[in-house]
$ cat input-v8.cif   # mmCIF, C-alpha atoms and all ligand atoms
data_my_file
#
loop_
_atom_site.group_PDB
_atom_site.id
_atom_site.type_symbol
_atom_site.label_atom_id
_atom_site.label_comp_id
_atom_site.auth_asym_id
_atom_site.auth_seq_id
_atom_site.Cartn_x
_atom_site.Cartn_y
_atom_site.Cartn_z
ATOM 1 C CA MET A 25 0.000 0.000 0.000
ATOM 2 C CA PRO A 26 1.294 3.481 -0.778
ATOM 3 C CA GLU A 27 2.383 4.947 2.572
ATOM 4 C CA LEU A 28 3.222 8.468 3.690
ATOM 5 C CA PRO A 29 6.469 8.807 1.659
ATOM 6 C CA GLU A 30 4.844 7.569 -1.549
ATOM 7 C CA VAL A 31 1.936 9.986 -1.195
ATOM 8 C CA GLU A 32 4.215 12.844 -0.102
ATOM 9 C CA THR A 33 6.537 12.288 -3.073
ATOM 10 C CA LEU A 34 3.510 12.313 -5.352
ATOM 11 C CA ARG A 35 2.172 15.455 -3.671
ATOM 12 C CA ARG A 36 5.412 17.333 -4.219
ATOM 13 C CA GLY A 37 5.513 16.392 -7.892
ATOM 14 C CA LEU A 38 1.882 17.297 -8.466
ATOM 15 C CA ALA A 39 2.159 20.579 -6.567
ATOM 16 C CA GLU A 40 4.988 21.634 -8.865
ATOM 17 C CA HIS A 41 3.086 21.013 -12.103
ATOM 18 C CA LEU A 42 -0.624 21.057 -11.291
ATOM 19 C CA VAL A 43 -1.158 24.245 -9.301
ATOM 20 C CA GLY A 44 -2.570 26.995 -11.509
ATOM 21 C CA ARG A 45 -3.692 24.543 -14.207
ATOM 22 C CA ARG A 46 -7.334 24.362 -15.239
ATOM 23 C CA ILE A 47 -9.079 21.007 -15.520
ATOM 24 C CA VAL A 48 -10.761 20.921 -18.943
ATOM 25 C CA THR A 49 -11.909 17.312 -19.282
ATOM 26 C CA VAL A 50 -12.912 14.572 -16.851
ATOM 27 C CA GLU A 51 -13.075 10.983 -18.055
ATOM 28 C CA LEU A 52 -14.326 8.449 -15.507
ATOM 29 C CA ARG A 53 -13.876 4.834 -16.587
ATOM 30 C CA LEU A 54 -14.808 3.066 -13.363
ATOM 31 C CA PRO A 55 -17.877 4.658 -11.725
ATOM 32 C CA LYS A 56 -17.321 2.979 -8.344
ATOM 33 C CA LEU A 57 -14.055 4.934 -8.018
ATOM 34 C CA VAL A 58 -16.177 7.911 -6.895
ATOM 35 C CA ALA A 59 -17.226 7.399 -3.289
ATOM 36 C CA GLU A 60 -18.990 10.747 -3.018
ATOM 37 C CA GLY A 61 -19.734 13.838 -5.087
ATOM 38 C CA ARG A 62 -19.664 14.494 -8.819
ATOM 39 C CA LEU A 63 -16.431 14.671 -10.812
ATOM 40 C CA GLU A 64 -18.193 16.880 -13.383
ATOM 41 C CA GLU A 65 -17.914 19.673 -10.815
ATOM 42 C CA LEU A 66 -14.194 19.769 -11.525
ATOM 43 C CA GLU A 67 -14.609 20.607 -15.217
ATOM 44 C CA GLY A 68 -13.396 24.179 -15.632
ATOM 45 C CA ALA A 69 -11.960 24.322 -12.110
ATOM 46 C CA THR A 70 -8.461 25.668 -11.460
ATOM 47 C CA VAL A 71 -6.134 23.754 -9.136
ATOM 48 C CA THR A 72 -5.168 25.918 -6.183
ATOM 49 C CA GLY A 73 -3.106 23.511 -4.092
ATOM 50 C CA VAL A 74 -2.076 19.920 -3.481
ATOM 51 C CA ARG A 75 -1.954 18.692 0.107
ATOM 52 C CA ARG A 76 -1.467 15.456 2.006
ATOM 53 C CA ARG A 77 -2.907 14.227 5.279
ATOM 54 C CA ALA A 78 -1.671 10.788 6.362
ATOM 55 C CA LYS A 79 -2.083 8.630 3.229
ATOM 56 C CA HIS A 80 -4.752 10.921 1.754
ATOM 57 C CA LEU A 81 -4.027 13.239 -1.150
ATOM 58 C CA LEU A 82 -6.067 16.424 -1.502
ATOM 59 C CA ILE A 83 -6.196 18.308 -4.791
ATOM 60 C CA ASP A 84 -7.799 21.666 -4.024
ATOM 61 C CA THR A 85 -9.527 23.656 -6.751
ATOM 62 C CA ASP A 86 -11.487 26.896 -6.790
ATOM 63 C CA ARG A 87 -14.693 24.833 -6.920
ATOM 64 C CA ALA A 88 -14.182 21.718 -4.823
ATOM 65 C CA THR A 89 -11.550 19.485 -3.295
ATOM 66 C CA LEU A 90 -10.703 16.143 -4.854
ATOM 67 C CA LEU A 91 -9.824 13.822 -1.989
ATOM 68 C CA VAL A 92 -7.956 10.683 -3.080
ATOM 69 C CA HIS A 93 -7.076 7.519 -1.189
ATOM 70 C CA LEU A 94 -4.905 5.169 -3.248
ATOM 71 C CA LYS A 95 -5.598 2.228 -0.877
ATOM 72 C CA LEU A 96 -3.675 -0.959 -1.763
ATOM 73 C CA ALA A 97 -2.545 -0.375 -5.308
ATOM 74 C CA GLY A 98 -3.529 3.056 -6.604
ATOM 75 C CA GLN A 99 -1.116 5.041 -8.745
ATOM 76 C CA ILE A 100 -1.261 8.587 -10.076
ATOM 77 C CA ALA A 101 0.773 9.794 -13.029
ATOM 78 C CA LEU A 102 0.858 13.277 -14.523
ATOM 79 C CA ARG A 103 2.139 13.358 -18.080
ATOM 80 C CA ARG A 104 2.823 16.188 -20.450
ATOM 81 C CA ALA A 105 0.946 16.399 -23.773
ATOM 82 C CA ASP A 106 3.912 14.667 -25.463
ATOM 83 C CA GLY A 107 3.781 11.842 -22.905
ATOM 84 C CA ALA A 108 6.786 12.894 -20.810
ATOM 85 C CA SER A 109 6.379 12.170 -17.103
ATOM 86 C CA LEU A 110 5.882 15.213 -14.871
ATOM 87 C CA ALA A 111 5.017 13.421 -11.634
ATOM 88 C CA VAL A 112 4.246 9.879 -10.609
ATOM 89 C CA GLY A 113 3.663 8.020 -7.381
ATOM 90 C CA GLY A 114 1.836 5.262 -5.606
ATOM 91 C CA HIS A 115 1.907 1.570 -6.430
ATOM 92 C CA PRO A 116 4.708 0.623 -8.867
ATOM 93 C CA VAL A 117 2.421 -1.548 -11.055
ATOM 94 C CA PRO A 118 1.959 -0.800 -13.912
ATOM 95 C CA ARG A 119 5.551 0.400 -14.329
ATOM 96 C CA PHE A 120 5.873 4.129 -13.938
ATOM 97 C CA ASP A 121 6.904 4.413 -17.616
ATOM 98 C CA ALA A 122 4.146 2.147 -18.945
ATOM 99 C CA PRO A 123 1.910 3.432 -21.752
ATOM 100 C CA LEU A 124 -1.147 5.241 -20.380
ATOM 101 C CA PRO A 125 -4.051 4.921 -20.207
ATOM 102 C CA HIS A 126 -3.617 1.363 -18.913
ATOM 103 C CA ARG A 127 -6.574 -1.032 -18.900
ATOM 104 C CA SER A 128 -6.812 -0.352 -15.146
ATOM 105 C CA THR A 129 -6.799 3.429 -15.551
ATOM 106 C CA HIS A 130 -10.039 4.567 -13.947
ATOM 107 C CA LEU A 131 -9.856 8.339 -14.182
ATOM 108 C CA ILE A 132 -8.235 10.793 -16.600
ATOM 109 C CA LEU A 133 -8.197 14.527 -15.951
ATOM 110 C CA GLY A 134 -7.203 16.644 -18.940
ATOM 111 C CA LEU A 135 -5.466 19.935 -18.104
ATOM 112 C CA ASP A 136 -5.455 23.199 -20.078
ATOM 113 C CA ASP A 137 -1.827 22.752 -21.200
ATOM 114 C CA GLY A 138 -2.566 19.348 -22.717
ATOM 115 C CA SER A 139 -1.096 17.415 -19.791
ATOM 116 C CA ARG A 140 -3.109 14.561 -18.308
ATOM 117 C CA LEU A 141 -3.482 13.119 -14.852
ATOM 118 C CA TYR A 142 -4.103 9.360 -14.805
ATOM 119 C CA LEU A 143 -5.394 7.448 -11.795
ATOM 120 C CA THR A 144 -4.659 3.752 -12.315
ATOM 121 C CA ASP A 145 -5.442 0.941 -9.881
ATOM 122 C CA ILE A 146 -4.997 -2.735 -10.719
ATOM 123 C CA ARG A 147 -6.871 -3.760 -7.546
ATOM 124 C CA HIS A 148 -9.869 -1.407 -7.871
ATOM 125 C CA PHE A 149 -9.829 -0.333 -4.190
ATOM 126 C CA ALA A 150 -8.770 3.302 -4.664
ATOM 127 C CA ARG A 151 -11.505 5.881 -4.049
ATOM 128 C CA VAL A 152 -12.049 9.587 -4.669
ATOM 129 C CA TRP A 153 -14.420 12.092 -3.085
ATOM 130 C CA VAL A 154 -15.422 15.403 -4.652
ATOM 131 C CA LEU A 155 -16.253 17.650 -1.718
ATOM 132 C CA PRO A 156 -16.576 21.293 -0.761
ATOM 133 C CA ALA A 157 -13.258 22.247 0.875
ATOM 134 C CA ALA A 158 -14.797 22.475 4.359
ATOM 135 C CA ASP A 159 -16.369 19.020 3.973
ATOM 136 C CA ALA A 160 -13.012 17.546 3.022
ATOM 137 C CA GLU A 161 -11.554 18.919 6.255
ATOM 138 C CA ALA A 162 -14.488 17.565 8.262
ATOM 139 C CA ARG A 163 -14.171 14.154 6.655
ATOM 140 C CA LEU A 164 -10.486 13.953 7.555
ATOM 141 C CA ALA A 165 -11.162 15.231 11.066
ATOM 142 C CA ALA A 166 -13.763 12.494 11.545
ATOM 143 C CA LEU A 167 -11.103 9.847 10.906
ATOM 144 C CA GLY A 168 -9.358 10.880 14.119
ATOM 145 C CA LEU A 169 -5.947 10.693 12.473
ATOM 146 C CA GLY A 170 -2.914 10.870 14.729
ATOM 147 C CA PRO A 171 -0.071 13.383 14.407
ATOM 148 C CA GLU A 172 1.893 13.750 11.166
ATOM 149 C CA PRO A 173 5.349 12.298 11.821
ATOM 150 C CA LEU A 174 7.154 14.734 9.501
ATOM 151 C CA ASP A 175 5.462 17.750 11.074
ATOM 152 C CA PRO A 176 7.761 19.817 13.362
ATOM 153 C CA ALA A 177 5.067 19.449 16.047
ATOM 154 C CA PHE A 178 5.753 15.691 16.154
ATOM 155 C CA THR A 179 8.132 15.577 19.107
ATOM 156 C CA PRO A 180 9.247 12.620 21.261
ATOM 157 C CA ARG A 181 6.668 13.789 23.801
ATOM 158 C CA VAL A 182 3.881 13.598 21.182
ATOM 159 C CA LEU A 183 4.980 10.082 20.276
ATOM 160 C CA ALA A 184 5.105 9.122 23.950
ATOM 161 C CA GLU A 185 1.513 10.318 24.350
ATOM 162 C CA ALA A 186 0.442 8.316 21.294
ATOM 163 C CA LEU A 187 1.940 5.148 22.799
ATOM 164 C CA ALA A 188 1.008 5.713 26.436
ATOM 165 C CA GLY A 189 -1.277 3.116 27.958
ATOM 166 C CA ARG A 190 -1.206 0.918 24.866
ATOM 167 C CA ARG A 191 -0.887 -2.714 25.771
ATOM 168 C CA ARG A 192 -0.720 -3.855 22.152
ATOM 169 C CA PRO A 193 2.660 -4.559 20.576
ATOM 170 C CA LEU A 194 4.572 -1.720 18.921
ATOM 171 C CA LYS A 195 4.023 -2.885 15.367
ATOM 172 C CA PRO A 196 0.203 -2.788 15.231
ATOM 173 C CA THR A 197 0.191 0.329 17.403
ATOM 174 C CA LEU A 198 2.380 2.204 14.918
ATOM 175 C CA LEU A 199 0.214 0.966 12.032
ATOM 176 C CA ASP A 200 -2.880 2.381 13.762
ATOM 177 C CA GLN A 201 -3.579 5.634 11.873
ATOM 178 C CA THR A 202 -5.201 7.188 14.958
ATOM 179 C CA ARG A 203 -1.882 6.863 16.874
ATOM 180 C CA VAL A 204 0.564 8.103 14.213
ATOM 181 C CA ALA A 205 -0.664 9.053 10.748
ATOM 182 C CA GLY A 206 0.711 7.713 7.495
ATOM 183 C CA LEU A 207 2.930 4.834 8.598
ATOM 184 C CA GLY A 208 2.461 1.474 6.907
ATOM 185 C CA ASN A 209 4.043 -1.956 6.965
ATOM 186 C CA ILE A 210 7.316 -1.129 5.204
ATOM 187 C CA TYR A 211 8.292 2.031 7.088
ATOM 188 C CA VAL A 212 7.259 0.682 10.499
ATOM 189 C CA ASP A 213 9.592 -2.293 9.980
ATOM 190 C CA GLU A 214 12.379 0.060 8.930
ATOM 191 C CA ALA A 215 11.852 2.432 11.855
ATOM 192 C CA LEU A 216 11.815 -0.387 14.414
ATOM 193 C CA TRP A 217 14.986 -1.890 12.965
ATOM 194 C CA ARG A 218 16.693 1.488 12.955
ATOM 195 C CA ALA A 219 15.603 2.088 16.569
ATOM 196 C CA ARG A 220 16.728 -1.457 17.541
ATOM 197 C CA LEU A 221 13.322 -2.246 19.035
ATOM 198 C CA ALA A 222 11.447 -5.533 18.750
ATOM 199 C CA PRO A 223 8.012 -5.112 17.130
ATOM 200 C CA THR A 224 6.455 -7.265 19.853
ATOM 201 C CA LEU A 225 7.377 -4.920 22.717
ATOM 202 C CA SER A 226 4.326 -3.547 24.489
ATOM 203 C CA ALA A 227 3.877 -0.020 23.114
ATOM 204 C CA GLY A 228 3.016 1.531 26.451
ATOM 205 C CA ASP A 229 6.070 0.088 28.201
ATOM 206 C CA LEU A 230 8.778 2.027 26.352
ATOM 207 C CA ASP A 231 10.930 4.203 28.567
ATOM 208 C CA THR A 232 11.829 7.755 27.535
ATOM 209 C CA GLU A 233 15.132 6.756 25.980
ATOM 210 C CA ARG A 234 13.479 4.148 23.726
ATOM 211 C CA VAL A 235 10.686 6.532 22.751
ATOM 212 C CA GLU A 236 13.320 9.071 21.719
ATOM 213 C CA ARG A 237 15.150 6.421 19.711
ATOM 214 C CA LEU A 238 11.919 5.384 17.994
ATOM 215 C CA HIS A 239 10.985 8.994 17.300
ATOM 216 C CA ALA A 240 14.348 9.717 15.697
ATOM 217 C CA ALA A 241 14.131 6.494 13.664
ATOM 218 C CA ILE A 242 10.626 7.242 12.329
ATOM 219 C CA ARG A 243 11.730 10.710 11.282
ATOM 220 C CA ALA A 244 14.965 9.484 9.710
ATOM 221 C CA VAL A 245 13.313 6.695 7.725
ATOM 222 C CA LEU A 246 10.531 8.932 6.385
ATOM 223 C CA HIS A 247 12.927 11.769 5.625
ATOM 224 C CA HIS A 248 15.208 9.392 3.759
ATOM 225 C CA ALA A 249 12.303 8.003 1.716
ATOM 226 C CA VAL A 250 10.955 11.423 0.785
ATOM 227 C CA THR A 251 14.324 12.953 -0.111
ATOM 228 C CA GLU A 252 16.344 9.989 -1.446
ATOM 229 C CA GLY A 253 13.551 7.908 -2.969
ATOM 230 C CA VAL A 254 10.866 5.628 -1.592
ATOM 231 C CA ALA A 255 11.459 1.983 -0.686
ATOM 232 C CA GLN A 256 11.509 -0.269 -3.726
ATOM 233 C CA VAL A 257 9.388 -3.281 -2.770
ATOM 234 C CA LEU A 258 7.441 -5.427 -5.200
ATOM 235 C CA ASP A 259 5.348 -8.452 -4.244
ATOM 236 C CA GLY A 260 6.762 -8.245 -0.724
ATOM 237 C CA ARG A 261 10.424 -8.341 -1.829
ATOM 238 C CA ALA A 262 12.924 -5.532 -1.661
ATOM 239 C CA ALA A 263 14.395 -4.783 -5.068
ATOM 240 C CA PRO A 264 17.821 -6.417 -5.550
ATOM 241 C CA GLY A 265 20.782 -4.067 -5.716
ATOM 242 C CA THR A 266 19.196 -1.472 -3.439
ATOM 243 C CA SER A 267 20.030 -0.658 0.173
ATOM 244 C CA PHE A 268 16.648 0.759 1.170
ATOM 245 C CA PRO A 269 14.590 -0.692 2.732
ATOM 246 C CA ALA A 270 17.256 -2.221 4.963
ATOM 247 C CA VAL A 271 15.267 -5.189 6.312
ATOM 248 C CA HIS A 272 11.707 -5.150 4.964
ATOM 249 C CA GLY A 273 11.314 -7.700 2.184
ATOM 250 C CA ARG A 274 14.778 -9.152 2.862
ATOM 251 C CA GLU A 275 14.188 -12.453 4.668
ATOM 252 C CA GLY A 276 17.450 -14.391 5.005
ATOM 253 C CA GLN A 277 19.626 -11.541 3.773
ATOM 254 C CA PRO A 278 22.294 -10.151 6.128
ATOM 255 C CA CYS A 279 21.321 -7.310 8.466
ATOM 256 C CA PRO A 280 23.210 -4.244 7.160
ATOM 257 C CA ARG A 281 24.257 -3.431 10.752
ATOM 258 C CA CYS A 282 25.409 -6.780 12.148
ATOM 259 C CA GLY A 283 25.217 -9.386 9.394
ATOM 260 C CA GLU A 284 22.692 -11.637 11.142
ATOM 261 C CA PRO A 285 20.104 -13.019 8.669
ATOM 262 C CA VAL A 286 16.896 -10.984 8.600
ATOM 263 C CA ARG A 287 13.942 -12.925 9.950
ATOM 264 C CA LYS A 288 10.323 -12.771 8.832
ATOM 265 C CA ALA A 289 7.388 -13.343 11.177
ATOM 266 C CA ARG A 290 3.701 -12.516 11.215
ATOM 267 C CA ILE A 291 2.734 -9.935 13.809
ATOM 268 C CA GLY A 292 -0.825 -8.683 13.946
ATOM 269 C CA GLY A 293 -1.388 -10.484 10.659
ATOM 270 C CA ARG A 294 1.314 -8.530 8.852
ATOM 271 C CA GLY A 295 4.580 -9.851 7.451
ATOM 272 C CA THR A 296 7.215 -8.319 9.729
ATOM 273 C CA TYR A 297 10.962 -8.235 9.129
ATOM 274 C CA THR A 298 13.486 -7.887 11.935
ATOM 275 C CA CYS A 299 17.088 -8.536 12.810
ATOM 276 C CA PRO A 300 16.889 -10.902 15.808
ATOM 277 C CA SER A 301 20.280 -9.678 17.010
ATOM 278 C CA CYS A 302 19.684 -5.924 16.715
ATOM 279 C CA GLN A 303 16.070 -6.148 17.916
ATOM 280 C CA PRO A 304 16.151 -8.585 20.848
ATOM 281 C CA VAL A 305 12.733 -9.534 22.195
ATOM 282 C CA GLU A 306 13.817 -9.149 25.813
ATOM 283 C CA HIS A 307 15.433 -6.004 27.056
ATOM 284 C CA THR A 308 17.375 -5.674 30.259
HETATM 285 ZN ZN ZN B 401 21.362 -6.695 13.007
#
$ encode --input "input-v8.cif" --output "structure tokens" --more "lines below"
Ligand SMILES: [Zn+2]
Amino acid sequence: MPELPEVETLRRGLAEHLVGRRIVTVELRLPKLVAEGRLEELEGATVTGVRRRAKHLLIDTDRATLLVHLKLAGQIALRRADGASLAVGGHPVPRFDAPLPHRSTHLILGLDDGSRLYLTDIRHFARVWVLPAADAEARLAALGLGPEPLDPAFTPRVLAEALAGRRRPLKPTLLDQTRVAGLGNIYVDEALWRARLAPTLSAGDLDTERVERLHAAIRAVLHHAVTEGVAQVLDGRAAPGTSFPAVHGREGQPCPRCGEPVRKARIGGRGTYTCPSCQPVEHT
């Protein structure tokens, strides 16, 4: 599933090329993509901003806000009239340089400079909402999303409050969008490995030093993904020849820190990758 870094990378690319453009055509190929509202409202609208909240993308216009959730396998690509890529992000299938529209392209927005925005989703779970701006805010507020981990306001104290009293293990707690927003399976594994914390530790039991370590690790992993490129993982396997992610999707490969083979287990129903040496289950 596209996580915070994938959506943030996409947001940055779209913000650069989409703001100020006018939407001239709307082609909906899969009606169930629209969870609420009418896409026709966007015809003639000018894009005023592109924002992100957790894994949600918000394309603001002078008429309405297009709220997008890519879910498991959504992908958005913005291409110039001549087909050159301006921005792309989300699930890596179809390949980012594949001919578009793809047979799983469900929405095409035509812009006034001839560029096109394609929303493609091979799994058909992605959804969009066309809402008045205030309604988009209310809808997000109703989700009770936790703090944004890349926001300056996300301090170790904020993370400590998000974890306090939680008896569940760290992994599912960090995946809970109401605790910390935007983290998914890949980046939680990476953050826990970087912080040298076992995913099975009880979330509420971390002392201040471990919370600070986890906080720094979450920030470092997300910052790395957004600035250096998102984790390359396909069908649950890290792409060969890459160093990021360090452990996710690398069962049996040596831990980059200590050389111990990376282990895979299921925690809270999710495939979880750890270094058993760097992330001991029992702490002293
Ligand atoms: Zn290790």
$ resolve_selection --input "input-v8.cif" --expression "the PyMOL selection byres (((not hetatm)) within 9 of (chain B and resi 401))" --output "list in words"
Trp217, Arg220, Pro278, Cys279, Pro280, Arg281, Cys282, Gly283, Glu284, Pro285, Val286, Thr298, Cys299, Pro300, Ser301, Cys302 and Gln303 of chain A
$ resolve_selection --input "input-v8.cif" --expression "the PyMOL selection byres (((chain A and resi 215) around 7) and not hetatm)" --output "list in words"
Tyr211, Val212, Asp213, Glu214, Leu216, Trp217, Arg218, Ala219, Leu238, Ala241, Ile242 and Val245 of chain A
$ resolve_selection --input "input-v8.cif" --expression "the PyMOL selection byres (((chain A and resi 157) around 12) and not hetatm)" --output "list in words"
Thr72, Gly73, Arg75, Leu82, Ile83, Asp84, Thr85, Asp86, Arg87, Ala88, Thr89, Leu90, Leu91, Trp153, Val154, Leu155, Pro156, Ala158, Asp159, Ala160, Glu161, Ala162, Arg163 and Leu164 of chain A
$ residues_around --input "input-v8.cif" --residues "Leu110 of chain A" --least-positions-apart "4" --cutoff "9 Å" --atoms "only C-alpha atoms" --output "count of residues only"
9
$ closest_residue --input "input-v8.cif" --among "A:Ile47, A:Leu135, A:Leu183, A:Leu42" --to "Arg237 of chain A" --atoms "only C-alpha atoms"
A:Leu183
$ residues_near_point --input "input-v8.cif" --point "(-13.6, -1.9, -8.7)" --cutoff "8 Å" --atoms "all atoms listed in the file" --output "list in words"
Leu54, Lys56, Leu57, Arg147, His148 and Phe149 of chain A
$ residues_around --input "input-v8.cif" --residues "segment 165-171 of chain A" --least-positions-apart "3" --cutoff "7 Å" --atoms "only C-alpha atoms" --output "ChimeraX atom specification"
/A:161-162,178,201-205
$ residues_around --input "input-v8.cif" --residues "Pro223 of chain A" --least-positions-apart "2" --cutoff "8 Å" --atoms "only C-alpha atoms" --output "PyMOL selection string"
chain A and resi 193-195+213+216+221+225+291
$ residues_around --input "input-v8.cif" --residues "Gly189 of chain A" --least-positions-apart "3" --cutoff "10 Å" --atoms "all atoms listed in the file" --output "list in words"
Ala184, Glu185, Ala186, Arg192, Ser226, Ala227, Gly228 and Asp229 of chain A
$ axis_aligned_box --input "input-v8.cif" --around "segment 180-194 of chain A" --padding-each-side "4 Å" --output "JSON"
{"center_x": 4.0, "center_y": 4.6, "center_z": 23.4, "size_x": 18.5, "size_y": 26.3, "size_z": 17.0}
$ decode --input "input-v8.cif" --residues "segment 254-276 of chain A" --atoms "N, CA and C atoms" --output "mmCIF file, in the first residue's frame"
data_model
loop_
_atom_site.group_PDB
_atom_site.id
_atom_site.type_symbol
_atom_site.label_atom_id
_atom_site.label_comp_id
_atom_site.auth_asym_id
_atom_site.auth_seq_id
_atom_site.Cartn_x
_atom_site.Cartn_y
_atom_site.Cartn_z
ATOM 1 N N VAL A 254 11.650 6.538 -2.428
ATOM 2 C CA VAL A 254 10.866 5.628 -1.592
ATOM 3 C C VAL A 254 11.414 4.202 -1.695
ATOM 4 N N ALA A 255 11.021 3.381 -0.731
ATOM 5 C CA ALA A 255 11.459 1.983 -0.686
ATOM 6 C C ALA A 255 10.961 1.244 -1.928
ATOM 7 N N GLN A 256 11.874 0.495 -2.538
ATOM 8 C CA GLN A 256 11.509 -0.269 -3.726
ATOM 9 C C GLN A 256 11.148 -1.693 -3.296
ATOM 10 N N VAL A 257 9.864 -1.964 -3.192
ATOM 11 C CA VAL A 257 9.388 -3.281 -2.770
ATOM 12 C C VAL A 257 8.303 -3.714 -3.737
ATOM 13 N N LEU A 258 8.453 -4.919 -4.283
ATOM 14 C CA LEU A 258 7.441 -5.427 -5.200
ATOM 15 C C LEU A 258 7.103 -6.857 -4.806
ATOM 16 N N ASP A 259 5.815 -7.129 -4.679
ATOM 17 C CA ASP A 259 5.348 -8.452 -4.244
ATOM 18 C C ASP A 259 6.029 -8.879 -2.948
ATOM 19 N N GLY A 260 6.216 -7.924 -2.034
ATOM 20 C CA GLY A 260 6.762 -8.245 -0.724
ATOM 21 C C GLY A 260 8.270 -8.429 -0.695
ATOM 22 N N ARG A 261 8.957 -8.174 -1.796
ATOM 23 C CA ARG A 261 10.424 -8.341 -1.829
ATOM 24 C C ARG A 261 11.103 -7.021 -2.158
ATOM 25 N N ALA A 262 12.143 -6.730 -1.377
ATOM 26 C CA ALA A 262 12.924 -5.532 -1.661
ATOM 27 C C ALA A 262 13.671 -5.727 -2.974
ATOM 28 N N ALA A 263 13.728 -4.680 -3.769
ATOM 29 C CA ALA A 263 14.395 -4.783 -5.068
ATOM 30 C C ALA A 263 15.869 -5.111 -4.883
ATOM 31 N N PRO A 264 16.390 -6.089 -5.648
ATOM 32 C CA PRO A 264 17.821 -6.417 -5.550
ATOM 33 C C PRO A 264 18.681 -5.223 -5.960
ATOM 34 N N GLY A 265 19.846 -5.130 -5.348
ATOM 35 C CA GLY A 265 20.782 -4.067 -5.716
ATOM 36 C C GLY A 265 20.477 -2.736 -5.068
ATOM 37 N N THR A 266 19.507 -2.707 -4.155
ATOM 38 C CA THR A 266 19.196 -1.472 -3.439
ATOM 39 C C THR A 266 19.524 -1.661 -1.963
ATOM 40 N N SER A 267 19.713 -0.557 -1.252
ATOM 41 C CA SER A 267 20.030 -0.658 0.173
ATOM 42 C C SER A 267 18.864 -0.203 1.050
ATOM 43 N N PHE A 268 17.804 0.285 0.423
ATOM 44 C CA PHE A 268 16.648 0.759 1.170
ATOM 45 C C PHE A 268 15.397 0.185 0.543
ATOM 46 N N PRO A 269 14.542 -0.492 1.287
ATOM 47 C CA PRO A 269 14.590 -0.692 2.732
ATOM 48 C C PRO A 269 15.735 -1.606 3.169
ATOM 49 N N ALA A 270 16.131 -1.456 4.437
ATOM 50 C CA ALA A 270 17.256 -2.221 4.963
ATOM 51 C C ALA A 270 16.861 -3.651 5.315
ATOM 52 N N VAL A 271 15.664 -3.844 5.891
ATOM 53 C CA VAL A 271 15.267 -5.189 6.312
ATOM 54 C C VAL A 271 13.933 -5.649 5.715
ATOM 55 N N HIS A 272 13.011 -4.733 5.474
ATOM 56 C CA HIS A 272 11.707 -5.150 4.964
ATOM 57 C C HIS A 272 11.860 -5.812 3.587
ATOM 58 N N GLY A 273 11.240 -6.984 3.453
ATOM 59 C CA GLY A 273 11.314 -7.700 2.184
ATOM 60 C C GLY A 273 12.657 -8.362 1.939
ATOM 61 N N ARG A 274 13.423 -8.592 3.015
ATOM 62 C CA ARG A 274 14.778 -9.152 2.862
ATOM 63 C C ARG A 274 15.007 -10.380 3.738
ATOM 64 N N GLU A 275 14.031 -11.247 3.841
ATOM 65 C CA GLU A 275 14.188 -12.453 4.668
ATOM 66 C C GLU A 275 15.430 -13.237 4.252
ATOM 67 N N GLY A 276 16.265 -13.569 5.256
ATOM 68 C CA GLY A 276 17.450 -14.391 5.005
ATOM 69 C C GLY A 276 18.668 -13.601 4.570
#
